[in-house]
$ cat my_file.pdb   # PDB, C-alpha atoms
ATOM      1  CA  MET A   1     113.091 121.323  82.836
ATOM      2  CA  LYS A   2     113.485 119.511  79.547
ATOM      3  CA  HIS A   3     109.800 119.990  78.704
ATOM      4  CA  LYS A   4     107.187 122.594  79.461
ATOM      5  CA  ILE A   5     104.833 121.064  82.017
ATOM      6  CA  HIS A   6     101.259 122.148  81.361
ATOM      7  CA  GLY A   7      97.859 121.104  80.085
ATOM      8  CA  ILE A   8      96.280 117.673  80.333
ATOM      9  CA  ILE A   9      98.510 115.218  82.217
ATOM     10  CA  PRO A  10      96.795 111.899  82.981
ATOM     11  CA  PRO A  11      97.869 110.073  86.156
ATOM     12  CA  ILE A  12      97.933 106.756  84.347
ATOM     13  CA  VAL A  13      96.676 103.558  85.956
ATOM     14  CA  THR A  14      98.965 100.710  86.986
ATOM     15  CA  PRO A  15      97.528  97.498  85.528
ATOM     16  CA  PHE A  16      97.755  94.467  87.841
ATOM     17  CA  ASP A  17      97.105  90.830  86.977
ATOM     18  CA  ALA A  18      95.150  88.331  89.085
ATOM     19  CA  ALA A  19      98.243  87.636  91.189
ATOM     20  CA  GLY A  20      98.667  91.322  91.954
ATOM     21  CA  GLU A  21     101.743  91.718  89.748
ATOM     22  CA  ILE A  22     102.236  94.589  87.310
ATOM     23  CA  ASP A  23     101.045  93.780  83.785
ATOM     24  CA  GLU A  24     103.834  95.482  81.879
ATOM     25  CA  ALA A  25     102.314  94.976  78.431
ATOM     26  CA  ALA A  26      99.062  96.616  79.546
ATOM     27  CA  LEU A  27     101.002  99.472  81.167
ATOM     28  CA  ARG A  28     102.775 100.163  77.896
ATOM     29  CA  GLU A  29      99.453 100.109  76.051
ATOM     30  CA  ASN A  30      97.983 102.630  78.503
ATOM     31  CA  VAL A  31     100.864 105.049  77.934
ATOM     32  CA  ARG A  32     100.462 104.735  74.183
ATOM     33  CA  PHE A  33      96.706 105.253  74.449
ATOM     34  CA  VAL A  34      96.811 108.518  76.388
ATOM     35  CA  ILE A  35      99.583 109.921  74.184
ATOM     36  CA  SER A  36      97.509 109.053  71.102
ATOM     37  CA  ARG A  37      94.753 111.282  72.526
ATOM     38  CA  GLY A  38      96.969 114.359  72.450
ATOM     39  CA  VAL A  39      97.776 114.754  76.136
ATOM     40  CA  HIS A  40     100.521 117.145  77.176
ATOM     41  CA  GLY A  41     102.310 114.781  79.584
ATOM     42  CA  ILE A  42     101.912 111.679  81.729
ATOM     43  CA  CYS A  43     102.210 111.007  85.440
ATOM     44  CA  PHE A  44     102.729 107.590  87.035
ATOM     45  CA  GLY A  45     102.599 106.470  90.646
ATOM     46  CA  GLY A  46      99.767 108.821  91.596
ATOM     47  CA  SER A  47      96.564 107.989  93.453
ATOM     48  CA  THR A  48      94.788 106.824  90.290
ATOM     49  CA  GLY A  49      97.881 104.730  89.570
ATOM     50  CA  GLU A  50      97.648 103.134  93.041
ATOM     51  CA  GLY A  51     101.096 104.520  93.758
ATOM     52  CA  HIS A  52     100.597 104.026  97.475
ATOM     53  CA  THR A  53     100.759 100.253  96.863
ATOM     54  CA  LEU A  54     103.972 100.213  94.821
ATOM     55  CA  THR A  55     107.276  99.054  96.262
ATOM     56  CA  SER A  56     110.407 101.016  95.412
ATOM     57  CA  GLU A  57     111.381  98.333  92.920
ATOM     58  CA  GLU A  58     107.962  98.455  91.257
ATOM     59  CA  LEU A  59     107.997 102.247  91.071
ATOM     60  CA  GLU A  60     111.423 102.028  89.469
ATOM     61  CA  ARG A  61     110.191  99.577  86.823
ATOM     62  CA  VAL A  62     107.085 101.652  86.084
ATOM     63  CA  ALA A  63     109.330 104.710  85.669
ATOM     64  CA  GLU A  64     111.516 102.844  83.204
ATOM     65  CA  ILE A  65     108.555 101.658  81.128
ATOM     66  CA  CYS A  66     106.844 105.056  81.064
ATOM     67  CA  ALA A  67     110.031 106.839  80.021
ATOM     68  CA  GLN A  68     110.617 104.257  77.284
ATOM     69  CA  GLU A  69     107.091 104.584  75.906
ATOM     70  CA  ALA A  70     106.985 108.376  76.109
ATOM     71  CA  GLN A  71     110.184 108.528  74.031
ATOM     72  CA  GLY A  72     110.697 112.151  74.978
ATOM     73  CA  ARG A  73     107.480 113.226  73.220
ATOM     74  CA  VAL A  74     105.817 114.520  76.392
ATOM     75  CA  PRO A  75     107.035 115.251  79.911
ATOM     76  CA  VAL A  76     106.954 112.375  82.399
ATOM     77  CA  ILE A  77     106.155 113.040  86.062
ATOM     78  CA  ALA A  78     106.897 110.513  88.809
ATOM     79  CA  GLY A  79     104.482 110.245  91.718
ATOM     80  CA  ILE A  80     105.825 109.586  95.201
ATOM     81  CA  ILE A  81     103.286 108.710  97.901
ATOM     82  CA  THR A  82     105.017 107.747 101.115
ATOM     83  CA  ASN A  83     104.997 108.192 104.876
ATOM     84  CA  SER A  84     108.480 109.424 105.697
ATOM     85  CA  THR A  85     111.051 111.869 104.437
ATOM     86  CA  ARG A  86     113.602 109.054 104.316
ATOM     87  CA  ASP A  87     111.498 106.917 102.001
ATOM     88  CA  ALA A  88     110.557 109.899  99.827
ATOM     89  CA  VAL A  89     114.257 110.735  99.438
ATOM     90  CA  HIS A  90     115.010 107.113  98.500
ATOM     91  CA  LYS A  91     112.325 107.052  95.807
ATOM     92  CA  ALA A  92     113.328 110.479  94.487
ATOM     93  CA  ARG A  93     116.891 109.277  94.036
ATOM     94  CA  LEU A  94     115.680 106.209  92.129
ATOM     95  CA  MET A  95     113.854 108.434  89.650
ATOM     96  CA  THR A  96     117.052 110.213  88.589
ATOM     97  CA  LYS A  97     118.041 107.090  86.611
ATOM     98  CA  PHE A  98     115.339 107.722  84.024
ATOM     99  CA  ALA A  99     114.098 110.445  81.678
ATOM    100  CA  ILE A 100     111.831 111.976  84.309
ATOM    101  CA  ASP A 101     110.922 115.671  84.120
ATOM    102  CA  ALA A 102     109.475 116.270  87.598
ATOM    103  CA  LEU A 103     108.335 114.651  90.833
ATOM    104  CA  GLN A 104     104.834 114.800  92.310
ATOM    105  CA  ILE A 105     105.183 114.288  96.071
ATOM    106  CA  THR A 106     102.565 114.142  98.829
ATOM    107  CA  PRO A 107     102.988 115.493 102.311
ATOM    108  CA  VAL A 108     103.351 112.677 104.835
ATOM    109  CA  HIS A 109      99.911 111.095 104.992
ATOM    110  CA  TYR A 110      99.633 108.701 107.933
ATOM    111  CA  VAL A 111      97.374 109.764 110.804
ATOM    112  CA  PHE A 112     100.137 111.569 112.721
ATOM    113  CA  LYS A 113     100.209 115.025 111.180
ATOM    114  CA  PRO A 114     103.514 116.925 111.061
ATOM    115  CA  ASP A 115     103.242 120.634 111.818
ATOM    116  CA  ALA A 116     103.966 123.346 109.265
ATOM    117  CA  GLU A 117     107.639 123.560 110.233
ATOM    118  CA  ALA A 118     108.136 119.793 109.839
ATOM    119  CA  THR A 119     106.281 119.792 106.513
ATOM    120  CA  TYR A 120     108.490 122.631 105.286
ATOM    121  CA  ALA A 121     111.558 120.636 106.345
ATOM    122  CA  HIS A 122     110.223 117.579 104.491
ATOM    123  CA  PHE A 123     110.156 119.420 101.173
ATOM    124  CA  LYS A 124     113.401 121.269 101.913
ATOM    125  CA  THR A 125     115.188 117.945 102.412
ATOM    126  CA  LEU A 126     113.739 116.614  99.172
ATOM    127  CA  SER A 127     114.814 119.739  97.310
ATOM    128  CA  ASP A 128     118.328 119.375  98.693
ATOM    129  CA  THR A 129     118.384 115.738  97.576
ATOM    130  CA  THR A 130     117.421 116.013  93.912
ATOM    131  CA  ASP A 131     117.719 118.443  91.037
ATOM    132  CA  LEU A 132     114.348 117.318  89.669
ATOM    133  CA  PRO A 133     111.540 119.883  89.953
ATOM    134  CA  ILE A 134     108.957 119.082  92.614
ATOM    135  CA  LEU A 135     105.169 119.519  92.538
ATOM    136  CA  ILE A 136     103.479 119.275  95.927
ATOM    137  CA  TYR A 137     100.578 116.836  95.659
ATOM    138  CA  ASN A 138      98.185 118.521  98.076
ATOM    139  CA  VAL A 139      95.681 115.726  98.558
ATOM    140  CA  VAL A 140      95.880 114.359 102.119
ATOM    141  CA  PRO A 141      92.652 115.330 103.969
ATOM    142  CA  TRP A 142      94.162 115.414 107.481
ATOM    143  CA  ASN A 143      97.375 117.054 106.313
ATOM    144  CA  TYR A 144      95.963 119.474 103.788
ATOM    145  CA  LEU A 145      98.393 122.331 103.307
ATOM    146  CA  SER A 146      96.991 125.856 103.401
ATOM    147  CA  PRO A 147      97.575 128.302 100.535
ATOM    148  CA  GLU A 148      99.825 130.286 102.901
ATOM    149  CA  LEU A 149     102.115 127.327 103.614
ATOM    150  CA  LEU A 150     102.164 126.248  99.973
ATOM    151  CA  VAL A 151     103.174 129.729  98.819
ATOM    152  CA  LYS A 152     105.889 129.931 101.484
ATOM    153  CA  ILE A 153     107.370 126.612 100.338
ATOM    154  CA  ILE A 154     107.239 127.602  96.661
ATOM    155  CA  ARG A 155     108.851 130.984  97.310
ATOM    156  CA  GLU A 156     111.623 129.724  99.582
ATOM    157  CA  ILE A 157     112.528 126.217  98.369
ATOM    158  CA  PRO A 158     114.154 126.393  94.928
ATOM    159  CA  ASN A 159     113.141 123.045  93.403
ATOM    160  CA  VAL A 160     109.474 123.286  94.386
ATOM    161  CA  ILE A 161     107.839 124.636  91.239
ATOM    162  CA  GLY A 162     104.146 124.305  92.046
ATOM    163  CA  VAL A 163     101.187 122.444  93.438
ATOM    164  CA  LYS A 164      98.665 119.866  92.353
ATOM    165  CA  GLN A 165      95.602 121.043  94.289
ATOM    166  CA  SER A 166      93.214 118.184  94.940
ATOM    167  CA  ALA A 167      90.356 119.329  97.166
ATOM    168  CA  GLY A 168      86.825 120.080  96.062
ATOM    169  CA  ASP A 169      86.977 123.613  97.485
ATOM    170  CA  LEU A 170      87.285 126.078  94.604
ATOM    171  CA  LYS A 171      87.818 128.908  97.103
ATOM    172  CA  LEU A 172      91.091 127.355  98.290
ATOM    173  CA  PHE A 173      92.106 126.908  94.675
ATOM    174  CA  ALA A 174      91.275 130.540  93.918
ATOM    175  CA  ASP A 175      93.230 131.756  96.957
ATOM    176  CA  LEU A 176      96.236 129.757  95.826
ATOM    177  CA  MET A 177      95.978 131.122  92.294
ATOM    178  CA  ILE A 178      96.037 134.771  93.409
ATOM    179  CA  THR A 179      98.780 134.406  96.035
ATOM    180  CA  ALA A 180     101.272 132.065  94.347
ATOM    181  CA  PRO A 181     104.247 133.493  92.427
ATOM    182  CA  ASP A 182     103.509 134.239  88.779
ATOM    183  CA  ASP A 183     105.804 131.457  87.608
ATOM    184  CA  ALA A 184     104.371 128.803  89.945
ATOM    185  CA  LEU A 185     102.624 125.851  88.274
ATOM    186  CA  ILE A 186      99.176 125.426  89.824
ATOM    187  CA  PHE A 187      97.472 122.270  88.593
ATOM    188  CA  SER A 188      93.847 121.475  89.311
ATOM    189  CA  ALA A 189      92.949 117.967  90.408
ATOM    190  CA  VAL A 190      89.383 118.926  91.279
ATOM    191  CA  ASP A 191      87.788 116.606  88.735
ATOM    192  CA  ALA A 192      84.294 118.026  89.090
ATOM    193  CA  LEU A 193      85.550 121.561  88.440
ATOM    194  CA  LEU A 194      88.150 121.321  85.690
ATOM    195  CA  TYR A 195      86.369 123.847  83.478
ATOM    196  CA  PRO A 196      86.222 126.655  86.067
ATOM    197  CA  SER A 197      89.781 125.809  87.121
ATOM    198  CA  PHE A 198      90.981 126.260  83.541
ATOM    199  CA  ALA A 199      88.955 129.444  83.141
ATOM    200  CA  MET A 200      90.615 130.836  86.287
ATOM    201  CA  GLY A 201      94.046 130.326  84.768
ATOM    202  CA  SER A 202      95.181 126.937  86.030
ATOM    203  CA  CYS A 203      98.184 125.721  84.058
ATOM    204  CA  GLY A 204      96.511 122.347  83.595
ATOM    205  CA  THR A 205      95.324 119.246  85.387
ATOM    206  CA  ILE A 206      96.679 115.977  86.707
ATOM    207  CA  ALA A 207      93.483 114.156  87.640
ATOM    208  CA  ALA A 208      91.463 110.972  87.240
ATOM    209  CA  ASN A 209      89.170 112.163  84.442
ATOM    210  CA  PRO A 210      92.144 112.669  82.099
ATOM    211  CA  ALA A 211      93.313 109.133  82.896
ATOM    212  CA  ALA A 212      89.914 107.704  81.963
ATOM    213  CA  VAL A 213      88.902 109.919  79.018
ATOM    214  CA  PRO A 214      92.056 111.787  77.967
ATOM    215  CA  GLY A 215      90.782 112.911  74.564
ATOM    216  CA  VAL A 216      87.702 114.517  76.109
ATOM    217  CA  CYS A 217      89.819 116.423  78.607
ATOM    218  CA  VAL A 218      92.112 117.647  75.814
ATOM    219  CA  ALA A 219      88.999 118.895  73.998
ATOM    220  CA  LEU A 220      87.925 120.766  77.146
ATOM    221  CA  TRP A 221      91.380 122.319  77.555
ATOM    222  CA  ASP A 222      91.485 123.385  73.910
ATOM    223  CA  ALA A 223      87.996 124.892  74.090
ATOM    224  CA  VAL A 224      88.915 127.036  77.098
ATOM    225  CA  GLN A 225      92.223 128.131  75.538
ATOM    226  CA  ALA A 226      90.311 129.141  72.386
ATOM    227  CA  GLY A 227      87.723 131.070  74.398
ATOM    228  CA  ASN A 228      84.902 128.771  73.281
ATOM    229  CA  HIS A 229      83.105 128.696  76.618
ATOM    230  CA  LYS A 230      79.830 127.431  75.177
ATOM    231  CA  LEU A 231      81.526 124.218  74.063
ATOM    232  CA  ALA A 232      83.637 124.097  77.226
ATOM    233  CA  ARG A 233      80.528 124.184  79.397
ATOM    234  CA  GLU A 234      78.917 121.397  77.379
ATOM    235  CA  ILE A 235      82.002 119.232  77.824
ATOM    236  CA  HIS A 236      82.192 120.158  81.512
ATOM    237  CA  GLU A 237      78.629 119.048  82.137
ATOM    238  CA  SER A 238      79.173 115.735  80.350
ATOM    239  CA  LEU A 239      82.479 115.185  82.192
ATOM    240  CA  LEU A 240      80.766 115.923  85.496
ATOM    241  CA  ARG A 241      78.101 113.295  84.826
ATOM    242  CA  PHE A 242      80.866 110.835  83.963
ATOM    243  CA  TRP A 243      82.889 111.799  87.056
ATOM    244  CA  ASN A 244      79.877 111.129  89.265
ATOM    245  CA  THR A 245      79.862 107.506  88.032
ATOM    246  CA  ILE A 246      83.545 106.784  88.743
ATOM    247  CA  SER A 247      84.045 108.821  91.929
ATOM    248  CA  ALA A 248      84.069 106.240  94.717
ATOM    249  CA  ASP A 249      86.422 104.524  97.143
ATOM    250  CA  ASN A 250      87.426 102.212  94.277
ATOM    251  CA  LEU A 251      88.098 105.073  91.850
ATOM    252  CA  PRO A 252      91.217 103.464  90.292
ATOM    253  CA  ALA A 253      89.209 100.315  89.556
ATOM    254  CA  ASN A 254      86.492 102.404  87.909
ATOM    255  CA  VAL A 255      89.014 104.269  85.761
ATOM    256  CA  LYS A 256      90.391 100.903  84.660
ATOM    257  CA  TYR A 257      86.884  99.731  83.806
ATOM    258  CA  ALA A 258      86.225 102.867  81.734
ATOM    259  CA  LEU A 259      89.483 102.281  79.868
ATOM    260  CA  SER A 260      88.588  98.648  79.199
ATOM    261  CA  GLN A 261      85.341  99.830  77.599
ATOM    262  CA  GLN A 262      87.490 101.835  75.170
ATOM    263  CA  GLY A 263      89.513  98.759  74.236
ATOM    264  CA  VAL A 264      92.456  99.524  76.510
ATOM    265  CA  PRO A 265      93.432  96.572  78.753
ATOM    266  CA  SER A 266      94.077  97.982  82.214
ATOM    267  CA  GLY A 267      94.037  94.972  84.502
ATOM    268  CA  LEU A 268      92.664  94.710  88.004
ATOM    269  CA  PRO A 269      92.971  96.913  91.066
ATOM    270  CA  ARG A 270      95.486  95.721  93.647
ATOM    271  CA  ALA A 271      93.882  93.954  96.616
ATOM    272  CA  PRO A 272      92.096  94.791  98.804
ATOM    273  CA  MET A 273      90.537  97.379  96.494
ATOM    274  CA  PRO A 274      87.355  95.899  94.985
ATOM    275  CA  ALA A 275      86.773  95.783  91.258
ATOM    276  CA  THR A 276      83.992  97.812  89.648
ATOM    277  CA  SER A 277      80.599  96.464  90.691
ATOM    278  CA  ALA A 278      77.863  95.548  88.233
ATOM    279  CA  ALA A 279      75.839  98.600  89.274
ATOM    280  CA  GLN A 280      78.846 100.895  88.860
ATOM    281  CA  ALA A 281      79.653  99.370  85.482
ATOM    282  CA  GLU A 282      76.155 100.070  84.176
ATOM    283  CA  ARG A 283      76.334 103.730  85.186
ATOM    284  CA  ILE A 284      79.867 104.153  83.824
ATOM    285  CA  ARG A 285      78.955 102.697  80.432
ATOM    286  CA  ALA A 286      75.976 105.028  80.076
ATOM    287  CA  ALA A 287      77.938 108.159  80.964
ATOM    288  CA  LEU A 288      80.947 107.075  78.920
ATOM    289  CA  SER A 289      78.881 106.720  75.746
ATOM    290  CA  GLN A 290      77.821 110.352  76.120
ATOM    291  CA  VAL A 291      81.116 111.957  77.136
ATOM    292  CA  LEU A 292      83.140 110.277  74.382
ATOM    293  CA  LYS A 293      81.148 112.289  71.835
ATOM    294  CA  TYR A 294      83.473 115.148  72.729
ATOM    295  CA  GLU A 295      86.667 113.152  72.355
ATOM    296  CA  LYS A 296      89.418 114.827  70.398
ATOM    297  CA  LEU A 297      91.590 112.333  68.541
ATOM    298  CA  THR A 298      95.174 113.255  67.789
ATOM    299  CA  GLU A 299      97.775 111.288  65.924
ATOM    300  CA  PRO A 300     100.790 110.403  68.089
ATOM    301  CA  ALA A 301     103.692 112.846  67.810
TER     302      ALA A 301
END
$ encode --input "my_file.pdb" --output "structure tokens"
Amino acid sequence: MKHKIHGIIPPIVTPFDAAGEIDEAALRENVRFVISRGVHGICFGGSTGEGHTLTSEELERVAEICAQEAQGRVPVIAGIITNSTRDAVHKARLMTKFAIDALQITPVHYVFKPDAEATYAHFKTLSDTTDLPILIYNVVPWNYLSPELLVKIIREIPNVIGVKQSAGDLKLFADLMITAPDDALIFSAVDALLYPSFAMGSCGTIAANPAAVPGVCVALWDAVQAGNHKLAREIHESLLRFWNTISADNLPANVKYALSQQGVPSGLPRAPMPATSAAQAERIRAALSQVLKYEKLTEPA
């Protein structure tokens, strides 16, 4: 890897205009914004970035823009959310054209669940296809990979370097932490529990809260690394109140709304996802005004 992958890595939003096209200027501004808040990397094409809606051509263009804006200052991770090994391989190959440091790839996520052997083969094929490191994005509720299967894949498939664990069950996260190889990268995407995840030794997070309030999440990370658990708990509680206002079926839209309230144009969600409702907006604004008190501002590198 060209960069160390750790810490606060926002899965940045993909701004869309009223016609559903990517707003490239707003995308560039979002990358600049999160980097200005001291994050340790960026990820595009994830769930918060509505990666499931992006065509191969769109994912390719987003990759190009993100790599250009990052300018090698922080690692760039490409998200791949797709329903077949063939399509995942195609998208992985496209990413090799750009300055991408790793891939974040879901298991197949349509309703037909592959068994453990087929899932293993999925990631083995991807590893054989690309030299880019792979993080398993363990997020699909009906194809949620057990700690045992995740550890087997990490131990046996060379390019698979870790997991982004995205369920609300801290026990599963803890089991993964104590059974994974010492050099495995275990990222927490349990937004409501970032503080305990960090305290347990997670190497960082790729989650929606960092996309919405990156400076606050950097402050939380720094507090835990410094052993200042009093401050970390304060930030955690404020982040949890904020998370409870954006956590909904239109989460990406709510992250975009929170960003817009910070002066960052982030566009619309891609149809049919609804925009933030008036009731949601009121709650988000109230929680945002409180959580931003903990924001840590950092000059761009």
$ atom_distance --input "my_file.pdb" --atom1 "atom CA of A:Glu58" --atom2 "atom CA of A:Glu24"
10.7 Å
$ resolve_selection --input "my_file.pdb" --expression "the PyMOL selection byres ((chain A and resi 60-73) around 7)" --output "list in words"
Arg28, Val31, Arg32, Ser56, Glu57, Glu58, Leu59, Val74, Pro75, Val76, Leu94, Met95, Phe98, Ala99, Ile100 and Ala301 of chain A
$ atom_distance --input "my_file.pdb" --atom1 "atom CA of A:Val213" --atom2 "atom CA of A:Phe33"
10.2 Å
$ resolve_selection --input "my_file.pdb" --expression "the PyMOL selection byres ((chain A and resi 121) around 12)" --output "PyMOL selection string"
chain A and resi 84-86+107-108+114-120+122-128+149+152-153+156-157
$ closest_residue --input "my_file.pdb" --among "A:Gly38, A:Gly7, A:Gly201, A:Pro15" --to "A:Val255" --atoms "only C-alpha atoms"
A:Pro15
$ residues_near_point --input "my_file.pdb" --point "(84.7, 99.3, 88.1)" --cutoff "8 Å" --atoms "all atoms listed in the file" --output "PyMOL selection string"
chain A and resi 246+250-251+253-258+275-278+280-281
$ axis_aligned_box --input "my_file.pdb" --around "stretch 74-81 of chain A" --padding-each-side "6 Å" --output "JSON"
{"center_x": 105.2, "center_y": 112.0, "center_z": 87.1, "size_x": 15.7, "size_y": 18.5, "size_z": 33.5}
$ resolve_selection --input "my_file.pdb" --expression "the PyMOL selection byres ((chain A and resi 219) around 10)" --output "CSV table (one decimal) with C-alpha atoms, in the frame of the given file"
chain,number,residue,atom,x,y,z
A,8,ILE,CA,96.3,117.7,80.3
A,37,ARG,CA,94.8,111.3,72.5
A,38,GLY,CA,97.0,114.4,72.4
A,39,VAL,CA,97.8,114.8,76.1
A,214,PRO,CA,92.1,111.8,78.0
A,215,GLY,CA,90.8,112.9,74.6
A,216,VAL,CA,87.7,114.5,76.1
A,217,CYS,CA,89.8,116.4,78.6
A,218,VAL,CA,92.1,117.6,75.8
A,220,LEU,CA,87.9,120.8,77.1
A,221,TRP,CA,91.4,122.3,77.6
A,222,ASP,CA,91.5,123.4,73.9
A,223,ALA,CA,88.0,124.9,74.1
A,224,VAL,CA,88.9,127.0,77.1
A,225,GLN,CA,92.2,128.1,75.5
A,231,LEU,CA,81.5,124.2,74.1
A,232,ALA,CA,83.6,124.1,77.2
A,235,ILE,CA,82.0,119.2,77.8
A,294,TYR,CA,83.5,115.1,72.7
A,295,GLU,CA,86.7,113.2,72.4
A,296,LYS,CA,89.4,114.8,70.4
A,297,LEU,CA,91.6,112.3,68.5
